[in-house]
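As stored in my_file.cif (mmCIF, C-alpha atoms):
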data_protein
#
loop_
_atom_site.label_atom_id
_atom_site.label_comp_id
_atom_site.auth_asym_id
_atom_site.auth_seq_id
_atom_site.Cartn_x
_atom_site.Cartn_y
_atom_site.Cartn_z
CA MET J 33 -51.95 14.99 -141.04
CA ASP J 34 -48.41 13.86 -140.30
CA VAL J 35 -46.48 16.91 -139.10
CA ASN J 36 -42.68 16.94 -139.23
CA LEU J 37 -42.09 19.66 -136.65
CA LEU J 38 -39.03 21.81 -135.99
CA ILE J 39 -39.13 23.99 -132.85
CA ARG J 40 -36.52 26.75 -132.90
CA LYS J 41 -35.71 30.08 -131.32
CA ALA J 42 -37.35 32.94 -133.19
CA LYS J 43 -35.33 35.30 -135.36
CA ILE J 44 -35.89 38.96 -136.14
CA THR J 45 -37.18 37.87 -139.55
CA ASP J 46 -40.01 35.99 -137.75
CA VAL J 47 -41.50 39.09 -136.11
CA GLU J 48 -44.04 39.83 -138.85
CA THR J 49 -45.23 36.21 -138.81
CA ILE J 50 -45.45 36.17 -135.01
CA HIS J 51 -47.35 39.48 -135.10
CA ARG J 52 -49.77 38.08 -137.69
CA PHE J 53 -50.48 34.98 -135.54
CA ILE J 54 -51.02 36.99 -132.36
CA THR J 55 -53.16 39.62 -134.07
CA HIS J 56 -55.33 36.95 -135.71
CA PHE J 57 -56.18 35.33 -132.37
CA ALA J 58 -56.37 38.66 -130.49
CA GLU J 59 -59.04 39.82 -132.94
CA GLN J 60 -61.05 36.74 -131.88
CA ASP J 61 -60.56 37.70 -128.21
CA LEU J 62 -58.57 34.51 -127.62
CA MET J 63 -55.36 36.23 -126.52
CA LEU J 64 -53.83 39.59 -125.71
CA GLY J 65 -52.58 41.55 -128.71
CA ARG J 66 -48.95 42.63 -128.92
CA SER J 67 -47.30 45.51 -130.73
CA ARG J 68 -44.47 44.93 -133.19
CA SER J 69 -42.28 47.02 -130.88
CA SER J 70 -42.89 44.67 -127.95
CA LEU J 71 -42.18 41.66 -130.17
CA TYR J 72 -38.83 43.09 -131.28
CA GLU J 73 -37.96 43.87 -127.65
CA CYS J 74 -38.86 40.33 -126.51
CA ILE J 75 -37.76 38.33 -129.57
CA ARG J 76 -35.31 36.31 -127.46
CA GLU J 77 -38.25 34.91 -125.47
CA PHE J 78 -40.01 33.55 -128.56
CA MET J 79 -39.87 30.20 -130.28
CA VAL J 80 -41.57 29.15 -133.49
CA ALA J 81 -42.76 25.78 -134.74
CA GLU J 82 -42.05 25.07 -138.39
CA THR J 83 -43.11 22.35 -140.77
CA ASP J 84 -41.73 22.24 -144.30
CA GLY J 85 -40.22 25.70 -143.79
CA ARG J 86 -43.57 27.26 -142.82
CA VAL J 87 -44.19 28.71 -139.35
CA VAL J 88 -47.30 27.03 -137.94
CA GLY J 89 -47.02 28.01 -134.28
CA VAL J 90 -45.50 30.67 -132.02
CA GLY J 91 -45.09 31.41 -128.35
CA SER J 92 -42.78 32.76 -125.68
CA LEU J 93 -41.41 31.99 -122.25
CA HIS J 94 -41.21 35.11 -120.08
CA VAL J 95 -39.24 34.99 -116.83
CA ILE J 96 -41.21 36.66 -114.03
CA TRP J 97 -38.93 36.01 -111.06
CA GLU J 98 -36.30 33.56 -109.82
CA ASP J 99 -38.88 30.82 -109.32
CA LEU J 100 -41.55 31.57 -111.93
CA ALA J 101 -41.92 31.92 -115.70
CA GLU J 102 -44.96 32.42 -117.92
CA ILE J 103 -45.85 30.89 -121.26
CA ARG J 104 -47.22 33.77 -123.32
CA ALA J 105 -48.60 34.39 -126.79
CA LEU J 106 -49.02 30.70 -127.64
CA ALA J 107 -50.77 30.51 -131.01
CA VAL J 108 -51.09 27.69 -133.54
CA ASP J 109 -52.39 27.89 -137.11
CA GLU J 110 -55.96 26.49 -137.13
CA ASP J 111 -54.98 23.97 -139.83
CA TYR J 112 -52.31 22.54 -137.50
CA GLN J 113 -54.20 22.52 -134.21
CA LYS J 114 -54.60 19.08 -132.61
CA HIS J 115 -51.45 17.85 -134.37
CA GLY J 116 -48.94 18.34 -131.55
CA VAL J 117 -47.71 21.82 -132.49
CA GLY J 118 -48.91 23.54 -129.30
CA ARG J 119 -47.73 20.64 -127.16
CA GLY J 120 -44.33 20.76 -128.89
CA LEU J 121 -43.96 24.44 -128.09
CA VAL J 122 -45.06 23.94 -124.48
CA GLU J 123 -42.56 21.09 -124.05
CA ALA J 124 -39.80 23.31 -125.48
CA PHE J 125 -40.69 26.09 -123.03
CA LEU J 126 -40.73 23.66 -120.10
CA ALA J 127 -37.33 22.30 -121.14
CA GLU J 128 -36.00 25.85 -121.33
CA ALA J 129 -37.37 26.57 -117.84
CA VAL J 130 -35.60 23.46 -116.54
CA ASP J 131 -32.35 24.62 -118.18
CA LEU J 132 -32.77 28.02 -116.50
CA GLU J 133 -33.53 26.26 -113.18
CA ILE J 134 -36.95 27.90 -112.91
CA PRO J 135 -39.13 25.54 -110.85
CA ARG J 136 -42.63 26.70 -111.89
CA VAL J 137 -44.25 27.74 -115.16
CA PHE J 138 -47.72 29.20 -115.51
CA ALA J 139 -50.02 30.57 -118.19
CA LEU J 140 -53.10 32.75 -118.24
CA THR J 141 -55.34 31.23 -120.88
CA TYR J 142 -58.77 30.80 -122.38
CA ARG J 143 -57.73 27.24 -123.27
CA ALA J 144 -57.11 25.68 -119.86
CA PRO J 145 -58.05 22.12 -120.98
CA PHE J 146 -55.14 22.18 -123.46
CA PHE J 147 -52.68 23.06 -120.70
CA VAL J 148 -54.20 20.44 -118.39
CA LYS J 149 -53.43 17.85 -121.09
CA CYS J 150 -49.84 19.15 -120.98
CA GLY J 151 -49.63 18.45 -117.23
CA PHE J 152 -50.64 21.83 -115.82
CA THR J 153 -53.09 22.34 -112.96
CA ILE J 154 -55.82 24.99 -112.91
CA ILE J 155 -55.43 27.36 -109.96
CA PRO J 156 -57.20 30.52 -108.81
CA LYS J 157 -55.59 33.55 -110.48
CA GLU J 158 -55.36 35.19 -107.08
CA ASN J 159 -52.77 32.56 -106.08
CA LEU J 160 -50.25 34.04 -108.53
CA PRO J 161 -47.83 36.69 -107.23
CA GLN J 162 -48.62 40.36 -107.82
CA LYS J 163 -45.75 40.68 -110.33
CA VAL J 164 -47.86 38.66 -112.78
CA TRP J 165 -50.46 41.43 -113.06
CA LYS J 166 -48.27 44.25 -114.40
CA GLU J 167 -49.45 43.73 -118.01
CA CYS J 168 -53.02 42.89 -117.02
CA ILE J 169 -53.55 46.34 -115.53
CA ASN J 170 -53.40 47.88 -119.03
CA CYS J 171 -55.77 45.36 -120.62
CA PRO J 172 -59.26 46.67 -121.42
CA LYS J 173 -60.73 43.42 -120.05
CA PHE J 174 -59.04 43.74 -116.65
CA PRO J 175 -60.10 42.57 -114.10
CA ASN J 176 -62.86 40.48 -115.70
CA CYS J 177 -61.10 38.85 -118.64
CA GLY J 178 -62.23 35.28 -118.05
CA GLU J 179 -58.76 33.80 -118.49
CA GLU J 180 -57.87 30.91 -116.24
CA ALA J 181 -54.54 30.42 -114.53
CA VAL J 182 -52.68 27.13 -114.97
CA ILE J 183 -49.38 26.15 -113.39
CA LYS J 184 -46.88 23.31 -113.54
CA ASP J 185 -44.15 22.48 -111.03
CA LEU J 186 -41.00 21.21 -112.72
#

Rewrite the structure from the file as structure tokens, please.
Amino acid sequence: MDVNLLIRKAKITDVETIHRFITHFAEQDLMLGRSRSSLYECIREFMVAETDGRVVGVGSLHVIWEDLAEIRALAVDEDYQKHGVGRGLVEAFLAEAVDLEIPRVFALTYRAPFFVKCGFTIIPKENLPQKVWKECINCPKFPNCGEEAVIKDL
């Protein structure tokens, strides 16, 4: 499949699509679910990947502190996985972090090998600062979720 990909900042009109992607993968226990309310509040953090006018991937870059940001809610339509959509979104988030002068980006993920292919390194979750855990505390899987931490220095 040859994918002509457009990565762009998300719009309010993308919230339902973003919610559908996240809910789909959250129901498979592959990511943390998100409410529509939280998506509207954080819409400026999100980007979407489009091909032929159809959203095929979503994700966000959340600033944690002056030196750290997190890639969150990265989800790609199953029909478009392994076609560069996820990598395209990750590269867009890394470029945004560089523009913001944030030196490190991390993710908590069940798909660490994907991030390793994108240049991240697997680290012990305990190495991340305490600020990272504020959302984890409310997760029903905490503290035994099985996600791995990956990080990349820019």

Residues matched by the PyMOL selection byres ((chain J and resi 154) around 12), written as a ChimeraX atom specification: /J:138-153,155-160,179-184

J:Leu71, J:Leu100, J:Val88, J:Glu128 ranked by distance to Pro161 in chain J, top pick (using only C-alpha atoms):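 Smallest separation from Pro161 in chain J among the options: J:Leu100.
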
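Taking only C-alpha atoms into account, Val130 in chain J lies nearest to J:Leu186 out of the set J:Gly178, J:Leu186, J:Ser92, J:Asp99.
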
With only C-alpha atoms as the counted atoms, please give the residues lying no more than 6 Å from range 39-49 of chain J, apart from itself and same-chain residues fewer than 4 positions off, as a PyMOL selection string. chain J and resi 78-81

Straight-line distance linking CA of Ile50 in chain J with CA of Arg136 in chain J, stated in Å to one decimal: 25.1 Å

Evaluate the PyMOL selection byres ((chain J and resi 117) around 10) and record the selected residues as a PyMOL selection string, following the chain and residue labels used in the document. chain J and resi 35-39+80-83+88-90+107-109+112-116+118-123

Between J:Tyr72, J:Glu110, J:Arg52, J:Val137, which one has atoms that come closest to Ile96 in chain J, using all atoms listed in the file?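 Once distances to Ile96 in chain J are computed over all atoms listed in the file, the minimum belongs to J:Val137.
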
Give the answer as one residue: which of J:Asp185, J:Glu133, J:Glu77, J:Asp111 has the shortest atom-to-atom distance to Glu98 in chain J, using all atoms listed in the file?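 Among the listed residues, J:Glu133 lies closest to Glu98 in chain J.
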
Could you give me the centre and size, in Å to one decimal, of an axis-aligned box around all listed atoms of range 107-126 of chain J with 3 Å added on every side, as JSON?
{"center_x": -47.9, "center_y": 24.2, "center_z": -130.0, "size_x": 22.2, "size_y": 18.7, "size_z": 25.7}

At what distance in Å, to one decimal, does CA of Gly91 in chain J lie from CA of Ala58 in chain J? 13.6 Å

Counting only C-alpha atoms, the residue of J:Cys177, J:Val87, J:Ala105, J:Leu62 that sits nearest Ile75 in chain J: J:Ala105

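Nearest residue to Ala124 in chain J among J:Ala101, J:Ile54, J:Leu93, J:Cys74 is J:Leu93, counting all atoms listed in the file.
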
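In this structure, CA of Arg66 in chain J sits 26.7 Å away from CA of Asp131 in chain J.
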
Incomplete range 106-121 of chain J brought to N, CA and C atoms, written out as a CSV table (one decimal), in the coordinates of the input:
chain,number,residue,atom,x,y,z
J,106,LEU,N,-49.0,32.0,-127.0
J,106,LEU,CA,-49.0,30.7,-127.6
J,106,LEU,C,-50.1,30.7,-128.7
J,107,ALA,N,-49.8,30.5,-129.9
J,107,ALA,CA,-50.8,30.5,-131.0
J,107,ALA,C,-50.4,29.5,-132.1
J,108,VAL,N,-51.3,28.7,-132.5
J,108,VAL,CA,-51.1,27.7,-133.5
J,108,VAL,C,-52.1,27.9,-134.7
J,109,ASP,N,-51.6,27.8,-135.9
J,109,ASP,CA,-52.4,27.9,-137.1
J,109,ASP,C,-53.6,26.9,-137.0
J,110,GLU,N,-54.8,27.4,-137.3
J,110,GLU,CA,-56.0,26.5,-137.1
J,110,GLU,C,-55.8,25.2,-137.9
J,111,ASP,N,-55.2,25.2,-139.0
J,111,ASP,CA,-55.0,24.0,-139.8
J,111,ASP,C,-54.0,23.0,-139.2
J,112,TYR,N,-53.3,23.4,-138.2
J,112,TYR,CA,-52.3,22.5,-137.5
J,112,TYR,C,-52.6,22.3,-136.0
J,113,GLN,N,-53.8,22.8,-135.6
J,113,GLN,CA,-54.2,22.5,-134.2
J,113,GLN,C,-54.6,21.0,-134.1
J,114,LYS,N,-54.3,20.5,-132.9
J,114,LYS,CA,-54.6,19.1,-132.6
J,114,LYS,C,-53.7,18.1,-133.4
J,115,HIS,N,-52.5,18.7,-133.7
J,115,HIS,CA,-51.4,17.8,-134.4
J,115,HIS,C,-50.1,17.9,-133.6
J,116,GLY,N,-50.1,18.3,-132.4
J,116,GLY,CA,-48.9,18.3,-131.6
J,116,GLY,C,-48.1,19.6,-131.6
J,117,VAL,N,-48.5,20.6,-132.4
J,117,VAL,CA,-47.7,21.8,-132.5
J,117,VAL,C,-47.7,22.6,-131.2
J,118,GLY,N,-48.8,22.8,-130.6
J,118,GLY,CA,-48.9,23.5,-129.3
J,118,GLY,C,-48.2,22.8,-128.2
J,119,ARG,N,-48.4,21.5,-128.2
J,119,ARG,CA,-47.7,20.6,-127.2
J,119,ARG,C,-46.2,20.7,-127.4
J,120,GLY,N,-45.8,20.7,-128.6
J,120,GLY,CA,-44.3,20.8,-128.9
J,120,GLY,C,-43.7,22.1,-128.4
J,121,LEU,N,-44.4,23.2,-128.6
J,121,LEU,CA,-44.0,24.4,-128.1
J,121,LEU,C,-43.9,24.5,-126.6
